[in-house]
>>> print(open('work.cif').read())   # mmCIF, C-alpha atoms
data_entry
#
loop_
_atom_site.label_atom_id
_atom_site.label_comp_id
_atom_site.auth_asym_id
_atom_site.auth_seq_id
_atom_site.Cartn_x
_atom_site.Cartn_y
_atom_site.Cartn_z
CA MET A 181 19.07 -12.29 7.01
CA SER A 182 15.75 -10.51 6.91
CA SER A 183 12.79 -12.72 6.14
CA VAL A 184 9.06 -12.11 5.98
CA PRO A 185 6.12 -14.48 5.47
CA GLY A 186 5.27 -15.14 1.85
CA ALA A 187 1.84 -14.58 0.31
CA ASP A 188 0.93 -18.27 0.62
CA LYS A 189 1.96 -18.26 4.33
CA LYS A 190 3.90 -21.52 3.80
CA SER A 191 6.98 -20.01 2.18
CA LYS A 192 9.28 -17.41 3.70
CA LEU A 193 10.56 -14.50 1.67
CA LEU A 194 14.29 -13.81 1.86
CA VAL A 195 15.36 -10.23 1.20
CA TYR A 196 18.43 -9.45 -0.93
CA SER A 197 20.36 -6.35 -1.95
CA ILE A 198 21.87 -6.19 -5.44
CA GLU A 199 25.15 -4.29 -5.73
CA GLU A 200 25.89 -3.05 -9.25
CA CYS A 201 29.08 -1.56 -10.64
CA PRO A 202 28.25 1.55 -12.72
CA VAL A 203 31.40 1.03 -14.83
CA CYS A 204 31.54 -2.68 -15.76
CA GLY A 205 27.92 -3.54 -14.85
CA GLN A 206 28.84 -6.50 -12.65
CA LYS A 207 26.04 -7.40 -10.26
CA THR A 208 26.50 -9.03 -6.85
CA LYS A 209 23.63 -10.46 -4.82
CA ARG A 210 23.90 -10.49 -1.05
CA ALA A 211 21.59 -10.66 1.97
CA PHE A 212 19.86 -7.39 2.88
CA VAL A 213 21.17 -5.64 5.97
CA VAL A 214 19.29 -2.93 7.85
CA GLY A 215 20.41 0.44 6.51
CA ASP A 216 20.60 -0.71 2.88
CA TYR A 217 18.75 1.45 0.35
CA VAL A 218 18.69 1.85 -3.42
CA THR A 219 21.62 4.06 -4.62
CA LYS A 220 23.58 3.53 -1.37
CA GLU A 221 27.34 3.18 -1.91
CA ALA A 222 28.41 -0.42 -1.42
CA ALA A 223 31.63 -2.48 -1.66
CA LYS A 224 34.32 -2.07 -4.33
CA CYS A 225 33.71 -4.02 -7.53
CA THR A 226 35.58 -7.33 -7.49
CA LYS A 227 36.18 -7.05 -11.24
CA CYS A 228 37.28 -3.42 -11.80
CA SER A 229 37.64 -2.05 -8.22
CA ASN A 230 35.19 0.80 -8.85
CA GLN A 231 32.63 1.86 -6.24
CA THR A 232 29.42 -0.18 -6.56
CA ARG A 233 25.95 0.96 -5.55
CA VAL A 234 22.89 -0.88 -4.31
CA SER A 235 20.69 -0.96 -7.43
CA LEU A 236 17.80 -3.08 -6.13
CA VAL A 237 16.43 -4.49 -2.90
CA TYR A 238 13.92 -7.29 -3.32
CA ALA A 239 12.45 -10.39 -1.74
CA GLU A 240 12.12 -13.83 -3.23
CA SER A 241 10.60 -17.02 -1.97
CA SER A 242 12.86 -19.43 -0.10
CA LYS A 243 11.04 -22.30 -1.89
CA PRO A 244 12.83 -23.37 -5.09
CA SER A 245 10.80 -22.14 -8.05
CA GLY A 246 9.36 -24.60 -10.53
CA MET B 240 -66.77 -45.26 21.95
CA PHE B 241 -63.74 -43.91 20.08
CA ASN B 242 -60.59 -45.83 20.98
CA PHE B 243 -57.53 -43.67 20.30
CA SER B 244 -55.02 -46.45 20.96
CA SER B 245 -56.59 -48.64 18.27
CA VAL B 246 -56.27 -45.77 15.73
CA VAL B 247 -52.64 -45.25 16.60
CA LEU B 248 -51.94 -48.91 16.23
CA GLN B 249 -53.49 -48.88 12.79
CA VAL B 250 -51.09 -46.14 11.50
CA PRO B 251 -48.32 -47.90 9.61
CA PHE B 252 -45.06 -46.75 11.35
CA ASP B 253 -42.67 -48.22 8.84
CA THR B 254 -39.23 -46.67 8.06
CA THR B 255 -40.39 -44.76 4.98
CA SER B 256 -43.12 -43.01 6.94
CA LEU B 257 -40.67 -42.04 9.69
CA ILE B 258 -38.29 -40.50 7.14
CA SER B 259 -41.19 -38.63 5.56
CA VAL B 260 -42.28 -37.26 8.94
CA PHE B 261 -38.70 -36.22 9.67
CA TRP B 262 -38.39 -34.37 6.35
CA ILE B 263 -41.74 -32.64 6.74
CA GLY B 264 -40.65 -31.51 10.23
CA PHE B 265 -37.28 -30.38 8.92
CA ILE B 266 -38.88 -28.36 6.11
CA VAL B 267 -41.34 -26.73 8.52
CA ILE B 268 -38.56 -25.81 10.98
CA THR B 269 -36.22 -24.43 8.32
CA PHE B 270 -39.13 -22.50 6.75
CA PHE B 271 -39.75 -20.62 10.00
CA TYR B 272 -36.25 -20.57 11.54
CA GLN B 273 -33.89 -20.48 8.55
CA THR B 274 -32.92 -16.82 8.93
CA ARG B 275 -32.36 -17.25 12.67
CA LEU B 276 -30.11 -20.22 12.05
CA GLN B 277 -28.14 -18.37 9.39
CA SER B 278 -27.87 -15.29 11.63
CA TYR B 279 -26.44 -17.51 14.35
CA LEU B 280 -23.87 -19.01 11.96
CA ALA B 281 -22.99 -15.54 10.61
CA LEU B 282 -22.52 -14.20 14.15
CA ASN B 283 -20.10 -17.03 14.91
CA ASP B 284 -18.21 -16.45 11.68
CA ILE B 285 -17.95 -12.68 12.20
CA SER B 286 -16.96 -13.18 15.83
CA ARG B 287 -13.98 -15.33 14.74
CA GLY B 288 -12.95 -12.68 12.18
CA LEU B 289 -13.34 -9.93 14.76
CA ASN B 290 -11.00 -11.78 17.13
CA LYS B 291 -8.41 -12.04 14.34
CA LEU B 292 -8.74 -8.29 13.69
CA LYS B 293 -8.27 -7.56 17.39
CA VAL B 294 -5.06 -9.62 17.47
CA MET B 295 -3.78 -7.77 14.37
CA LYS B 296 -4.71 -4.36 15.81
CA ASP B 297 -2.98 -5.09 19.12
CA LYS B 298 0.11 -6.46 17.38
CA SER B 299 0.53 -3.39 15.13
CA ARG B 300 0.11 -1.08 18.14
CA LYS B 301 2.71 -3.06 20.11
CA GLU B 302 5.15 -3.05 17.17
CA ALA B 303 4.77 0.73 16.76
CA ILE B 304 5.43 1.34 20.46
CA GLU B 305 8.45 -1.01 20.43
CA TYR B 306 9.90 0.80 17.39
CA LEU B 307 9.43 4.22 19.03
CA VAL B 308 11.23 2.97 22.15
CA SER B 309 13.99 0.79 20.64
CA VAL B 310 14.91 2.66 17.42
CA GLY B 311 13.40 6.09 18.04
CA LYS B 312 14.82 6.16 21.60
CA ALA B 313 11.65 7.79 22.96
CA PRO B 314 12.70 9.36 26.27
CA ASN B 315 9.34 8.67 27.96
CA ASP B 316 6.88 5.79 27.70
CA PRO B 317 4.94 6.60 24.49
CA THR B 318 2.05 4.14 25.16
CA GLN B 319 -0.51 6.71 26.33
CA ARG B 320 0.33 9.14 23.51
CA VAL B 321 0.14 6.33 20.92
CA ASP B 322 -3.30 5.29 22.21
CA GLN B 323 -4.52 8.88 21.87
CA PHE B 324 -2.99 8.99 18.40
CA LEU B 325 -4.90 5.86 17.29
CA ASP B 326 -8.25 7.51 18.03
CA TYR B 327 -7.41 10.84 16.37
CA VAL B 328 -9.92 11.70 13.64
CA THR B 329 -9.64 13.73 10.45
CA ILE B 330 -12.94 15.44 9.64
CA MET B 331 -13.43 15.80 5.91
CA PRO B 332 -14.94 19.07 4.62
CA VAL B 333 -18.63 19.37 3.78
CA ASP B 334 -19.38 18.37 0.18
CA ILE B 335 -22.93 19.69 -0.32
CA ASP B 336 -21.36 22.65 -2.15
CA PRO B 337 -18.57 20.93 -4.11
CA ALA B 338 -16.97 24.12 -5.51
CA GLY B 339 -13.42 24.37 -4.16
CA LEU B 340 -13.75 21.04 -2.34
CA VAL B 341 -10.35 19.68 -3.44
CA GLY B 342 -8.58 22.72 -1.98
CA LYS B 343 -10.40 22.20 1.32
CA ILE B 344 -9.53 18.47 1.41
CA ASP B 345 -5.91 19.34 0.61
CA HIS B 346 -5.88 21.82 3.50
CA VAL B 347 -7.32 19.33 5.99
CA VAL B 348 -5.02 16.49 4.86
CA THR B 349 -1.92 18.73 4.90
CA THR B 350 -2.81 19.95 8.40
CA ASN B 351 -3.16 16.33 9.54
CA ASN B 352 0.14 15.26 7.95
CA ASP B 353 1.99 18.19 9.54
CA ARG B 354 0.45 17.37 12.92
CA VAL B 355 1.43 13.69 12.66
CA ARG B 356 5.03 14.53 11.80
CA ALA B 357 5.29 17.13 14.59
CA GLU B 358 3.83 14.74 17.17
CA VAL B 359 6.01 11.83 16.12
CA GLY B 360 9.06 14.12 16.17
CA ALA B 361 8.15 15.22 19.70
CA LEU B 362 7.83 11.60 20.86
CA LEU B 363 11.36 10.68 19.72
CA SER B 364 14.65 11.86 21.14
CA GLN B 365 16.21 12.08 17.66
CA ASN B 366 15.28 13.73 14.38
CA ASN B 367 16.66 11.20 11.90
CA PRO B 368 14.20 11.71 9.00
CA VAL B 369 14.17 8.00 8.09
CA THR B 370 13.26 6.97 11.66
CA VAL B 371 10.62 9.71 11.93
CA SER B 372 9.04 8.73 8.58
CA ILE B 373 9.02 5.02 9.47
CA SER B 374 7.41 5.86 12.84
CA GLU B 375 4.75 7.88 11.00
CA ASN B 376 4.00 4.94 8.70
CA LEU B 377 3.87 2.44 11.58
CA LEU B 378 1.42 4.65 13.44
CA GLU B 379 -0.68 5.01 10.27
CA VAL B 380 -0.83 1.21 9.93
CA ALA B 381 -1.84 0.86 13.60
CA THR B 382 -4.49 3.60 13.16
CA SER B 383 -5.91 1.90 10.06
CA LEU B 384 -6.16 -1.50 11.78
CA ASN B 385 -7.72 0.14 14.84
CA MET B 386 -10.32 1.81 12.61
CA ILE B 387 -11.08 -1.41 10.68
CA HIS B 388 -11.59 -3.30 13.96
CA LYS B 389 -13.87 -0.59 15.35
CA ILE B 390 -16.07 -0.44 12.23
CA VAL B 391 -16.44 -4.24 11.99
CA ARG B 392 -17.21 -4.44 15.72
CA HIS B 393 -19.82 -1.69 15.32
CA PHE B 394 -21.75 -3.56 12.62
CA TYR B 395 -21.34 -6.89 14.43
CA LEU B 396 -22.85 -5.50 17.64
CA LEU B 397 -25.53 -3.56 15.73
CA GLY B 398 -26.56 -6.69 13.82
CA LYS B 399 -26.60 -8.72 17.02
CA LYS B 400 -28.59 -6.11 18.94
CA THR B 401 -31.21 -5.54 16.25
CA ASN B 402 -31.22 -9.17 15.08
CA SER B 403 -30.75 -7.78 11.58
CA TYR B 404 -30.25 -10.72 9.26
CA PHE B 405 -29.16 -8.60 6.28
CA THR B 406 -26.58 -6.58 8.26
CA LEU B 407 -24.97 -9.77 9.52
CA ILE B 408 -25.01 -11.59 6.16
CA GLN B 409 -23.45 -8.60 4.34
CA LEU B 410 -20.74 -8.32 6.99
CA GLN B 411 -20.10 -12.07 6.85
CA MET B 412 -19.66 -11.91 3.06
CA LEU B 413 -17.22 -8.99 3.33
CA MET B 414 -15.15 -10.50 6.16
CA PRO B 415 -12.68 -12.51 3.99
CA MET B 416 -11.75 -9.36 2.02
CA ILE B 417 -11.52 -7.24 5.19
CA ILE B 418 -9.23 -9.83 6.81
CA GLN B 419 -7.10 -9.96 3.64
CA GLU B 420 -6.61 -6.17 3.67
CA ALA B 421 -5.89 -6.16 7.40
CA ASP B 422 -3.37 -8.97 6.93
CA ALA B 423 -1.62 -6.97 4.20
CA LEU B 424 -1.39 -3.97 6.53
CA LEU B 425 0.06 -6.09 9.33
CA ASN B 426 2.64 -7.62 6.98
CA ALA B 427 3.68 -4.09 5.95
CA VAL B 428 4.90 -3.46 9.53
CA ASP B 429 7.93 -5.76 9.08
CA SER B 430 9.02 -4.06 5.84
CA PHE B 431 8.60 -0.58 7.31
CA LYS B 432 10.59 -1.44 10.45
CA MET B 433 13.50 -2.73 8.35
CA GLY B 434 13.40 0.25 5.94
CA GLN B 435 12.96 -2.07 2.95
CA PRO B 436 11.52 -0.74 -0.34
CA VAL B 437 7.90 -1.76 -0.84
CA GLY B 438 6.18 -2.78 -4.10
CA ASP B 439 4.58 0.67 -4.35
CA GLY B 440 8.11 2.10 -4.65
CA ILE B 441 8.71 0.78 -8.18
CA GLY B 442 8.08 4.26 -9.71
CA PRO B 443 10.71 5.88 -7.45
CA VAL B 444 13.16 2.99 -8.20
CA VAL B 445 12.95 3.66 -11.96
CA VAL B 446 13.27 7.43 -11.52
CA SER B 447 16.14 7.12 -8.99
CA LYS B 448 18.28 5.58 -11.75
CA LEU B 449 17.72 8.71 -13.88
CA MET B 450 18.53 10.99 -10.94
CA ALA B 451 21.70 9.19 -9.78
CA GLY B 452 24.68 11.55 -9.76
CA LYS B 453 22.58 14.58 -10.80
CA GLU B 454 21.99 17.72 -8.79
CA LYS B 455 18.73 17.57 -6.78
CA ARG B 456 16.48 20.41 -5.73
CA VAL B 457 13.43 20.40 -3.48
CA VAL B 458 10.38 21.41 -5.54
CA ALA B 459 7.61 20.64 -3.02
CA LYS B 460 7.30 19.20 0.48
CA ASP B 461 9.30 15.91 0.58
CA THR B 462 9.67 16.01 -3.21
CA VAL B 463 12.91 16.38 -5.18
CA MET B 464 13.70 16.98 -8.85
CA SER B 465 16.72 16.59 -11.13
CA MET B 466 17.42 17.47 -14.75
CA THR B 467 18.90 15.04 -17.24
CA GLU B 468 18.91 14.43 -20.99
CA TYR B 469 17.75 11.64 -23.25
CA LYS B 470 18.30 11.67 -27.03
CA GLY B 471 18.16 15.45 -27.29
CA ARG B 472 15.20 15.86 -24.92
CA LYS B 473 15.54 17.66 -21.60
CA LEU B 474 14.05 15.49 -18.85
CA TYR B 475 12.76 16.90 -15.56
CA VAL B 476 12.53 13.88 -13.25
CA LEU B 477 10.91 13.99 -9.84
CA LYS B 478 10.13 11.66 -6.96
CA ALA B 479 9.55 11.78 -3.23
CA ASP B 480 12.68 12.39 -1.15
CA GLY B 481 14.17 9.00 -0.24
CA PRO B 482 15.15 6.83 1.48
CA MET B 483 12.46 8.14 3.83
CA ALA B 484 8.99 6.57 3.75
CA TYR B 485 7.53 9.59 1.95
CA VAL B 486 5.11 9.88 -0.97
CA GLY B 487 5.80 13.60 -1.44
CA GLN B 488 3.54 16.10 -3.19
CA PRO B 489 3.88 15.33 -6.92
CA GLY B 490 0.79 17.43 -7.71
CA VAL B 491 2.25 20.56 -6.16
CA ALA B 492 5.67 19.77 -7.68
CA ILE B 493 4.34 19.38 -11.25
CA ARG B 494 2.29 22.59 -10.94
CA LYS B 495 5.36 24.50 -9.68
CA VAL B 496 7.61 23.17 -12.44
CA VAL B 497 5.10 24.09 -15.15
CA GLU B 498 3.63 27.34 -13.80
CA GLU B 499 6.41 28.85 -11.68
CA MET B 500 9.64 27.55 -13.23
CA GLY B 501 8.40 28.20 -16.76
CA VAL B 502 9.07 24.67 -18.02
CA LYS B 503 6.93 23.81 -21.07
CA PRO B 504 6.86 20.01 -21.15
CA SER B 505 5.64 18.30 -24.33
CA ALA B 506 4.59 15.32 -22.21
CA ILE B 507 4.22 14.26 -18.59
CA VAL B 508 5.05 10.57 -18.03
CA MET B 509 3.98 9.07 -14.70
CA ILE B 510 5.27 5.72 -13.43
CA ASP B 511 3.31 4.07 -10.65
CA ALA B 512 2.28 0.74 -9.14
CA ALA B 513 -1.25 -0.39 -9.99
CA LEU B 514 -3.44 -2.96 -8.30
CA LYS B 515 -3.70 -6.07 -10.42
CA LEU B 516 -6.91 -7.93 -11.00
CA GLU B 517 -7.05 -11.58 -9.93
CA GLY B 518 -5.45 -13.64 -12.69
CA GLU B 519 -3.02 -10.91 -13.77
CA LYS B 520 0.69 -11.53 -13.20
CA THR B 521 2.74 -9.58 -10.66
CA GLY B 522 5.24 -7.28 -12.39
CA GLU B 523 3.24 -7.02 -15.64
CA ILE B 524 3.57 -3.60 -17.27
CA ALA B 525 0.60 -1.66 -18.62
CA GLU B 526 0.70 1.57 -20.58
CA GLY B 527 -2.01 4.17 -20.77
CA VAL B 528 -2.96 7.81 -20.66
CA GLY B 529 -4.03 9.89 -17.66
CA ALA B 530 -2.64 10.72 -14.23
CA ALA B 531 -1.22 7.53 -12.71
CA ILE B 532 -1.54 8.27 -9.02
CA GLY B 533 -3.67 6.91 -6.20
CA GLY B 534 -4.50 8.42 -2.85
CA ILE B 535 -7.41 10.58 -1.82
CA GLY B 536 -7.55 12.37 -5.20
CA VAL B 537 -6.02 15.78 -4.38
CA GLU B 538 -2.71 15.17 -6.18
CA LYS B 539 -4.49 13.58 -9.15
CA PHE B 540 -6.79 16.60 -9.44
CA GLN B 541 -3.84 19.02 -9.32
CA ILE B 542 -1.92 17.10 -12.02
CA GLU B 543 -4.99 16.79 -14.29
CA GLU B 544 -5.73 20.49 -13.85
CA VAL B 545 -2.24 21.71 -14.75
CA ALA B 546 -2.04 19.25 -17.69
CA THR B 547 -5.44 20.32 -19.05
CA LYS B 548 -4.77 24.05 -18.58
CA ASN B 549 -1.46 23.81 -20.45
CA SER B 550 -2.57 21.12 -22.97
CA ILE B 551 0.16 18.70 -21.88
CA PRO B 552 -0.49 15.03 -22.71
CA LEU B 553 -0.36 12.71 -19.70
CA TYR B 554 1.10 9.22 -20.20
CA ALA B 555 1.08 6.43 -17.63
CA ILE B 556 3.30 3.39 -17.14
CA LEU B 557 1.93 0.96 -14.54
CA VAL B 558 3.44 -2.06 -12.80
CA LYS B 559 0.79 -4.56 -11.69
CA GLN B 560 0.78 -5.96 -8.14
CA SER B 561 -1.62 -7.00 -5.38
CA ILE B 562 -2.40 -4.85 -2.34
CA LEU B 563 -0.20 -7.15 -0.20
CA GLU B 564 2.71 -6.82 -2.64
CA ALA B 565 2.24 -3.03 -2.87
CA ILE B 566 2.71 -2.40 0.85
CA THR B 567 5.21 -5.14 1.76
CA VAL B 568 8.83 -5.66 0.72
CA MET B 569 9.28 -5.41 -3.06
CA ARG B 570 9.03 -8.81 -4.77
CA LYS B 571 11.65 -9.95 -7.29
CA GLU B 572 9.12 -9.85 -10.15
CA ILE B 573 8.35 -6.19 -9.42
CA ALA B 574 12.00 -5.17 -8.95
CA GLU B 575 12.96 -6.88 -12.20
CA ALA B 576 10.25 -4.91 -14.02
CA ALA B 577 12.32 -1.73 -13.41
CA ASP B 578 14.55 -2.28 -16.47
CA LYS B 579 11.54 -3.05 -18.68
CA VAL B 580 9.79 0.11 -17.42
CA THR B 581 12.90 2.13 -18.36
CA GLN B 582 12.72 0.67 -21.89
CA VAL B 583 9.01 1.55 -22.14
CA LEU B 584 9.73 5.05 -20.81
CA ASN B 585 12.46 5.58 -23.43
CA ARG B 586 10.12 4.39 -26.18
CA VAL B 587 7.28 6.66 -25.02
CA ILE B 588 9.66 9.65 -24.95
CA GLU B 589 10.98 8.83 -28.44
CA GLU B 590 7.49 8.30 -29.91
CA LYS B 591 5.63 11.15 -28.27
CA THR B 592 8.25 13.93 -28.26
CA LYS B 593 10.93 15.25 -30.58
CA GLU B 594 14.49 16.49 -30.12
CA GLY B 595 14.70 19.77 -28.19
CA ASP B 596 11.46 19.07 -26.29
CA GLU B 597 11.13 19.11 -22.52
CA VAL B 598 9.60 16.08 -20.77
CA LEU B 599 8.46 15.70 -17.17
CA VAL B 600 8.91 12.23 -15.66
CA ALA B 601 7.38 11.48 -12.24
CA GLY B 602 8.02 8.35 -10.17
CA ILE B 603 4.95 7.99 -7.96
CA GLY B 604 4.78 5.96 -4.75
CA ASN B 605 6.25 5.42 -1.31
CA THR B 606 10.01 5.90 -1.59
CA LEU B 607 11.06 4.00 1.55
CA GLY B 608 14.50 2.49 0.98
CA VAL B 609 14.92 4.27 -2.36
CA ALA B 610 17.22 7.29 -2.35
CA GLN B 611 18.19 9.26 -5.47
#
>>> encode(input="work.cif", output="structure tokens")
Amino acid sequence: MSSVPGADKKSKLLVYSIEECPVCGQKTKRAFVVGDYVTKEAAKCTKCSNQTRVSLVYAESSKPSG
Amino acid sequence: MFNFSSVVLQVPFDTTSLISVFWIGFIVITFFYQTRLQSYLALNDISRGLNKLKVMKDKSRKEAIEYLVSVGKAPNDPTQRVDQFLDYVTIMPVDIDPAGLVGKIDHVVTTNNDRVRAEVGALLSQNNPVTVSISENLLEVATSLNMIHKIVRHFYLLGKKTNSYFTLIQLQMLMPMIIQEADALLNAVDSFKMGQPVGDGIGPVVVSKLMAGKEKRVVAKDTVMSMTEYKGRKLYVLKADGPMAYVGQPGVAIRKVVEEMGVKPSAIVMIDAALKLEGEKTGEIAEGVGAAIGGIGVEKFQIEEVATKNSIPLYAILVKQSILEAITVMRKEIAEAADKVTQVLNRVIEEKTKEGDEVLVAGIGNTLGVAQ
């Protein structure tokens, strides 16, 4: 998994890719892998078997929020 | 005869008097040597910051070379060429006669960009556009850090040499902000190497959703456009060509669409990242009017000119973020603003245009990791 230092230097940021099915709208969150980009074709949808696409790539803090 | 020892013995050397003498001495010394003492402290402070900048500069250079060798498969050792690249200068045109200055700046900057891409391409043994664009960005980061280090070192040595109190104090006060910017640049290296979208890419992320599955055409260097529809309006949507780390030429693209392709947009809506002020939340959305685009000012000038000439209203949708968040991997708060930006965009289109109108939508920013 890709990780980068967070803004406060104490937390690490973990990077995720979100796969979204254009038909049923189901979203799946998984760890980012090099080569991922927004609109890239991803795995088949587990709900309706249609082709999903990476809709977002983002980082969030590894520290639990709140 | 005067007996000095008897006078001394008569002076009352109690504790209070000693403290008074100490304070009087302290005040006299600080009165005459205060600036020297502060200069000395400032020199120490700046020296520590300068060492940090040197470490950052060396690290970014090393990372760029490693990327060129490991991912770019550079056939020869690129170290010497990279070192020459770091010291390359772009001389801005003379501005004592400002007429036509933007055109001249555009010419110089375009020449520089073309040179960088050609040189990076020549260094690598492959022409994968993503790898070439990432290499360009890594070298730009290394060049920026090299320049920051050189400028700070210049003023540090100048202040030391001339014993200039004001030079040193000003530099000392600026150091925390300089280090913060340099730190942001260094953190950007990791995101660039991995090809991850950066916070600045929020405009392209929103626009890529409108372009998905539509036919694309190149309208300017590194810039693509698609046509789509929304509630009876014809939308012309454009962004830099992803997933390469490009910003494209939105100014040239908008001018071409309006003046050469004969499109008559009723509105131009620009979506971009904007630097937040301290206290503002990351991912907050702001609306406004005007050309939402940063950079040296050439693209902004071109967009404002074509909009003014053709009386096209310019609307802006901005997503707030810090400089660190703008150039490092996109944070969740920024990515999740994409859907809200789409809602704002739809509302602006509905409110400001009517059915049958044409609307130009531009997603501004670095499109690394964001295809279309």
>>> closest_residue(input="work.cif", among="B:Lys448, B:Leu553, B:Ala357, B:Asp316", to="Pro202 in chain A", atoms="only C-alpha atoms")
B:Lys448
>>> resolve_selection(input="work.cif", expression="the PyMOL selection byres ((chain B) within 6 of (chain A))", output="PyMOL selection string")
chain B and resi 433+569-571+608-610
>>> atom_distance(input="work.cif", atom1="CA of Lys432 in chain B", atom2="CA of Thr370 in chain B")
8.9 Å
>>> closest_residue(input="work.cif", among="B:Lys400, B:His393, B:Lys548, B:Arg586", to="Val508 in chain B", atoms="all atoms listed in the file")
B:Arg586
>>> closest_residue(input="work.cif", among="B:Gly481, B:Thr581, B:Phe394, B:Ile532", to="Ile285 in chain B", atoms="only C-alpha atoms")
B:Phe394
>>> residues_around(input="work.cif", residues="range 341-351 of chain B", least_positions_apart="4", cutoff="9 Å", atoms="only C-alpha atoms", output="PyMOL selection string")
chain B and resi 329-332+337+355-356+535-538+540-541
>>> residues_around(input="work.cif", residues="Ala381 in chain B", least_positions_apart="5", cutoff="12 Å", atoms="all atoms listed in the file", output="ChimeraX atom specification")
/B:292-304,321-327,374-376,386-388,421-422,424-428
>>> residues_around(input="work.cif", residues="Val558 in chain B", least_positions_apart="3", cutoff="12 Å", atoms="only C-alpha atoms", output="VMD selection string")
chain B and resid 438 to 442 444 to 445 509 to 515 519 to 527 531 555 561 564 to 565 569 to 570 572 to 581 583 602 to 604
>>> residues_around(input="work.cif", residues="Glu543 in chain B", least_positions_apart="4", cutoff="8 Å", atoms="only C-alpha atoms", output="ChimeraX atom specification")
/B:529-530,539,547
>>> write_last_selection(input="work.cif", atoms="C-alpha atoms", output="compact mmCIF listing (two decimals), keeping the file's coordinate frame")
# COMPACT_ATOMS: atom_id res chain seq x y z
CA GLY B 529 -4.03 9.89 -17.66
CA ALA B 530 -2.64 10.72 -14.23
CA LYS B 539 -4.49 13.58 -9.15
CA THR B 547 -5.44 20.32 -19.05
